[in-house]
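For reference, the structure discussed in these notes is given below.
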Amino acid sequence: MYSLAIYIYMLCANIVSLFNKKARQLMVGHSKTYDTLRRHIGKQDRVIWFHAASLGEFEQGRPLIERIRNAEHCSASKSGKLKILLTFFSPSGYEVRKDYKGADVICYLPFDTKLNSRKFIKIAHPEMAFFIKYEFWQNYLTELHRRGVPTYSVASIFRPDQIFFRWYGRDYRKVLRTFTHLFVQNEESVRLLQTLGINNTTIVGDTRMDRVLQIRDEAKELPLCEAFCQPKDNIAATLVVGSSWQPDEDIIIDYFNRHPEQRLILAPHVVSESHLAEIEGKLQRPAVRYTQATPDSVRAADCLIIDCYGLLSSIYRYATVAYVGGGFGVGIHNVPEAAVYGLPVIIGPNNQRFREARDLIAKGGCFEINNAEEYIDIIGKLTDDADFRNRAADISAGYIRDNAGAVDTIYRHIFS
């Protein structure tokens, strides 16, 4: 049934690629994979393979990639040069990170058929493999296991509603036994795996904590943001909104328009001319787009609209309070990216699948809102009550600090 589902998925992807750009990128990318492997991987090369479905999983695996890359044992030796192979399934990961310098070979991972898995692994001949978070490709994992390749699940997290723990998932759960070790995020994952007789697990937390600390330490200085955030007598707080969608923006902008004591930096998830114009149409206070700004124009503005990508992780450093978008849609974006700066974080209701958000809500560093009324209540309290705000900020910073270290734990377990 699994292989049949894969072939149906392939057929659908081929059909959709005729009129969908992302699907077309996927199919073209898959067609180039084997040639890429042959050109860049020699028979004597020692290959460590990392697979991430998309960009978010890559960011979780990135600290481990770089930890291994920088280790002494990864230098060239008589047994061959070590190369890092990084694969993506989704164009949203590959297209953004295809020039990532931490890997020697970057390509798409072809669909998980038995033929593809055997061909891919024969050419790549990895000496070990890492699958990030939710990556459980049955045929690839079975082939790696058959060849005796040590294979690890990194930053994985398990829930009772996953197929492995349902009566109809009996056959698919066998894939979990192909892993040499599973480095999981929490105790519940360990308990669930134990119900299946799987005990080769270690709780390490989320590697994203290591990654956001690294990002914070490498944050860019942004002179325009610094000019925008210069002290003003009437401004009590700066709200940075990251990866916002229209439902988030409707709530936030309505409040912002009526509260001159708040300064706003808005980084929408969709940066298109139509969406930017829509945001500007809702604003009733002076605003400027980042790419059109000058030091004088940002100082005169109350709202700075980030109309480009790649700056958000550095922009959070200028916030008094952060709002992370997506919670009124498919799900919230990256809460740790904001919390690492010691910020209170506000999010929408769709956050159940995000452990770090749930943990921070429980501890008091993050605040869930379900409507505009709840937003008005919490943003007002965070703005007006410095003690309340500082307590929440300390909780956020402490949570990231206390949950970091996953990469070192994984590395020591495998290489010590």
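Labels used: A, B, ... for chains in the order of the structure tokens, numbers from 1 for residues in each chain, and numbers from 1 for ligands as shown.
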Item to check | segment 97-114 of chain A surroundings by only C-alpha atoms, 7 Å radius, close-in-sequence under 4 positions cut, as a VMD selection string | outcome: chain A and resid 3 6 29 to 30 33 40 66 83 to 89 93 118 137 139 to 140
What are the closest atom pairs, with distances in Å to one decimal, for each residue of segment 276-384 of chain A lying within 12 Å of segment 158-175 of chain A, using only C-alpha atoms, rows by chain and rising residue number, as JSON lines?
```
{"residue": "A:Gln352", "atom": "CA", "partner": "A:Arg159", "partner_atom": "CA", "distance": 11.2}
{"residue": "A:Arg353", "atom": "CA", "partner": "A:Arg159", "partner_atom": "CA", "distance": 9.2}
{"residue": "A:Phe354", "atom": "CA", "partner": "A:Arg159", "partner_atom": "CA", "distance": 11.5}
{"residue": "A:Arg355", "atom": "CA", "partner": "A:Phe158", "partner_atom": "CA", "distance": 10.9}
```
Tell me which protein, DNA and RNA residues are within 10 Å of Lys43 of chain A, counting only C-alpha atoms, leaving out same-chain ones fewer than 5 positions away, and put them as a JSON list (two decimals) with all heavy atoms, in the first residue's frame.
```
[["chain", "number", "residue", "atom", "x", "y", "z"],
["A", 38, "ARG", "N", 26.61, 11.65, -9.38],
["A", 38, "ARG", "CA", 27.75, 11.06, -10.11],
["A", 38, "ARG", "C", 28.86, 12.08, -10.34],
["A", 38, "ARG", "O", 30.05, 11.73, -10.31],
["A", 38, "ARG", "CB", 27.28, 10.49, -11.45],
["A", 38, "ARG", "CG", 26.37, 9.26, -11.32],
["A", 38, "ARG", "CD", 26.12, 8.64, -12.69],
["A", 38, "ARG", "NE", 25.20, 7.52, -12.60],
["A", 38, "ARG", "CZ", 23.91, 7.58, -12.87],
["A", 38, "ARG", "NH1", 23.36, 8.74, -13.24],
["A", 38, "ARG", "NH2", 23.15, 6.51, -12.78],
["A", 80, "GLY", "N", 39.75, 8.63, 2.13],
["A", 80, "GLY", "CA", 38.95, 9.46, 1.23],
["A", 80, "GLY", "C", 38.49, 10.74, 1.87],
["A", 80, "GLY", "O", 38.53, 10.91, 3.08],
["A", 123, "ILE", "N", 24.72, 5.03, -5.52],
["A", 123, "ILE", "CA", 25.58, 6.08, -6.06],
["A", 123, "ILE", "C", 26.18, 6.92, -4.93],
["A", 123, "ILE", "O", 27.37, 7.25, -4.93],
["A", 123, "ILE", "CB", 24.80, 6.98, -7.04],
["A", 123, "ILE", "CG1", 24.29, 6.17, -8.22],
["A", 123, "ILE", "CG2", 25.70, 8.12, -7.54],
["A", 123, "ILE", "CD1", 23.33, 6.94, -9.11],
["A", 124, "ALA", "N", 25.36, 7.28, -3.95],
["A", 124, "ALA", "CA", 25.82, 8.16, -2.87],
["A", 124, "ALA", "C", 26.68, 7.43, -1.85],
["A", 124, "ALA", "O", 27.51, 8.04, -1.17],
["A", 124, "ALA", "CB", 24.62, 8.79, -2.17],
["A", 125, "HIS", "N", 26.48, 6.14, -1.70],
["A", 125, "HIS", "CA", 27.16, 5.27, -0.73],
["A", 125, "HIS", "C", 27.49, 5.97, 0.60],
["A", 125, "HIS", "O", 28.64, 6.07, 1.01],
["A", 125, "HIS", "CB", 28.42, 4.63, -1.34],
["A", 125, "HIS", "CG", 29.46, 5.60, -1.85],
["A", 125, "HIS", "ND1", 30.38, 6.20, -1.04],
["A", 125, "HIS", "CD2", 29.73, 6.04, -3.11],
["A", 125, "HIS", "CE1", 31.18, 6.98, -1.75],
["A", 125, "HIS", "NE2", 30.80, 6.90, -3.02]]
```
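The two atoms in question, atom CA of Ala129 of chain A and atom CA of Glu188 of chain A, are spaced 24.6 Å apart.
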Within 12 Å of segment 391-413 of chain A, which residues of segment 291-321 of chain A come that close, and what is the closest atom pair and distance in Å for each? Count only C-alpha atoms and give it as a tab-separated table.
```
residue	atom	partner	partner_atom	distance
A:Ala319	CA	A:Ala393	CA	11.1
A:Thr320	CA	A:Ala393	CA	9.1
A:Val321	CA	A:Ala393	CA	8.6
```
Item to check | helix (DSSP H, G or I) per DSSP on the backbone: members of segment 141-312 of chain A, as a PyMOL selection string | outcome: chain A and resi 141-146+163-165+167-169+172-178+187-194+208-217+223-228+246-257+273-282+290-292+295-300+312
File dump, residues just selected, C-alpha atoms, as a PDB file, in the first residue's frame:
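Writing done, so here's part_6.pdb:
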```
ATOM      1  CA  LEU A 141      15.286   3.657   5.372  1.00  0.00           C
ATOM      2  CA  THR A 142      14.821  -0.025   4.606  1.00  0.00           C
ATOM      3  CA  GLU A 143      17.605   0.062   2.024  1.00  0.00           C
ATOM      4  CA  LEU A 144      19.968   1.856   4.402  1.00  0.00           C
ATOM      5  CA  HIS A 145      19.188  -0.734   7.073  1.00  0.00           C
ATOM      6  CA  ARG A 146      19.752  -3.590   4.614  1.00  0.00           C
ATOM      7  CA  ILE A 163       0.012   6.572  11.949  1.00  0.00           C
ATOM      8  CA  PHE A 164       2.605   4.540  13.859  1.00  0.00           C
ATOM      9  CA  PHE A 165       0.304   4.316  16.885  1.00  0.00           C
ATOM     10  CA  TRP A 167      -4.224   0.038  14.405  1.00  0.00           C
ATOM     11  CA  TYR A 168      -3.900   0.551  10.648  1.00  0.00           C
ATOM     12  CA  GLY A 169      -0.265   1.634  10.943  1.00  0.00           C
ATOM     13  CA  TYR A 172       4.351   1.280   8.439  1.00  0.00           C
ATOM     14  CA  ARG A 173       5.602   1.343  12.045  1.00  0.00           C
ATOM     15  CA  LYS A 174       8.269  -1.154  11.014  1.00  0.00           C
ATOM     16  CA  VAL A 175      10.130   1.763   9.486  1.00  0.00           C
ATOM     17  CA  LEU A 176      10.959   3.002  12.990  1.00  0.00           C
ATOM     18  CA  ARG A 177      12.989  -0.146  13.629  1.00  0.00           C
ATOM     19  CA  THR A 178      15.370   0.717  10.809  1.00  0.00           C
ATOM     20  CA  GLU A 187       9.483  12.307  27.138  1.00  0.00           C
ATOM     21  CA  GLU A 188       6.137  11.604  25.483  1.00  0.00           C
ATOM     22  CA  SER A 189       7.969  10.540  22.323  1.00  0.00           C
ATOM     23  CA  VAL A 190      10.057   8.076  24.338  1.00  0.00           C
ATOM     24  CA  ARG A 191       6.967   6.634  26.036  1.00  0.00           C
ATOM     25  CA  LEU A 192       5.101   6.230  22.750  1.00  0.00           C
ATOM     26  CA  LEU A 193       8.052   4.492  21.109  1.00  0.00           C
ATOM     27  CA  GLN A 194       8.395   2.179  24.101  1.00  0.00           C
ATOM     28  CA  ARG A 208      16.393  24.640  16.782  1.00  0.00           C
ATOM     29  CA  MET A 209      17.373  26.027  20.179  1.00  0.00           C
ATOM     30  CA  ASP A 210      21.023  25.644  19.212  1.00  0.00           C
ATOM     31  CA  ARG A 211      20.277  27.159  15.831  1.00  0.00           C
ATOM     32  CA  VAL A 212      18.464  30.249  17.127  1.00  0.00           C
ATOM     33  CA  LEU A 213      21.287  30.925  19.585  1.00  0.00           C
ATOM     34  CA  GLN A 214      23.696  30.746  16.659  1.00  0.00           C
ATOM     35  CA  ILE A 215      21.486  33.077  14.607  1.00  0.00           C
ATOM     36  CA  ARG A 216      21.231  35.525  17.508  1.00  0.00           C
ATOM     37  CA  ASP A 217      25.016  35.632  17.876  1.00  0.00           C
ATOM     38  CA  PRO A 223      21.144  50.862  10.558  1.00  0.00           C
ATOM     39  CA  LEU A 224      17.672  51.629   9.209  1.00  0.00           C
ATOM     40  CA  CYS A 225      16.039  49.673  12.020  1.00  0.00           C
ATOM     41  CA  GLU A 226      18.287  51.381  14.545  1.00  0.00           C
ATOM     42  CA  ALA A 227      17.260  54.775  13.172  1.00  0.00           C
ATOM     43  CA  PHE A 228      13.606  53.776  13.261  1.00  0.00           C
ATOM     44  CA  GLN A 246      -3.905  38.877   6.761  1.00  0.00           C
ATOM     45  CA  PRO A 247      -5.869  37.731   9.868  1.00  0.00           C
ATOM     46  CA  ASP A 248      -2.903  38.650  12.087  1.00  0.00           C
ATOM     47  CA  GLU A 249      -2.500  41.999  10.370  1.00  0.00           C
ATOM     48  CA  ASP A 250      -6.155  42.939  10.701  1.00  0.00           C
ATOM     49  CA  ILE A 251      -5.958  42.603  14.482  1.00  0.00           C
ATOM     50  CA  ILE A 252      -2.541  44.215  14.880  1.00  0.00           C
ATOM     51  CA  ILE A 253      -3.033  47.169  12.531  1.00  0.00           C
ATOM     52  CA  ASP A 254      -6.413  48.087  13.981  1.00  0.00           C
ATOM     53  CA  TYR A 255      -4.847  48.347  17.453  1.00  0.00           C
ATOM     54  CA  PHE A 256      -1.754  50.127  16.139  1.00  0.00           C
ATOM     55  CA  ASN A 257      -3.824  52.793  14.386  1.00  0.00           C
ATOM     56  CA  GLU A 273       3.124  44.179  -4.297  1.00  0.00           C
ATOM     57  CA  SER A 274      -0.587  43.480  -3.880  1.00  0.00           C
ATOM     58  CA  HIS A 275      -0.196  42.394  -0.259  1.00  0.00           C
ATOM     59  CA  LEU A 276       2.090  45.292   0.620  1.00  0.00           C
ATOM     60  CA  ALA A 277      -0.400  47.715  -0.906  1.00  0.00           C
ATOM     61  CA  GLU A 278      -3.183  46.068   1.099  1.00  0.00           C
ATOM     62  CA  ILE A 279      -1.203  46.601   4.330  1.00  0.00           C
ATOM     63  CA  GLU A 280      -0.501  50.232   3.462  1.00  0.00           C
ATOM     64  CA  GLY A 281      -4.176  50.778   2.746  1.00  0.00           C
ATOM     65  CA  LYS A 282      -5.079  49.691   6.287  1.00  0.00           C
ATOM     66  CA  TYR A 290      12.320  49.013   4.206  1.00  0.00           C
ATOM     67  CA  THR A 291      13.705  48.907   0.649  1.00  0.00           C
ATOM     68  CA  GLN A 292      12.558  52.479   0.018  1.00  0.00           C
ATOM     69  CA  PRO A 295      17.473  57.329   7.781  1.00  0.00           C
ATOM     70  CA  ASP A 296      15.316  60.456   7.650  1.00  0.00           C
ATOM     71  CA  SER A 297      12.186  58.709   6.364  1.00  0.00           C
ATOM     72  CA  VAL A 298      12.315  55.912   8.952  1.00  0.00           C
ATOM     73  CA  ARG A 299      12.727  58.405  11.776  1.00  0.00           C
ATOM     74  CA  ALA A 300       9.573  60.136  10.571  1.00  0.00           C
ATOM     75  CA  LEU A 312      13.539  38.914  10.333  1.00  0.00           C
TER      76      LEU A 312
END
```
Checklist entry - Which one of A:Arg147, A:Lys220, A:Lys232, A:Lys363 sits closest to Asp302 of chain A if you count only C-alpha atoms? => result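 Comparing A:Arg147, A:Lys220, A:Lys232, A:Lys363 against Asp302 of chain A, the winner is A:Lys232.
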Item to check | Atom-to-atom span, atom CA of Pro91 of chain A and atom CA of Phe131 of chain A, Å | outcome: 17.4 Å
Next on the checklist: For a test of reading the model, state the distance in Å between atom CA of Glu218 of chain A and atom CA of Val288 of chain A, rounded to one decimal.
Outcome noted: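 A separation of 26.3 Å between them.
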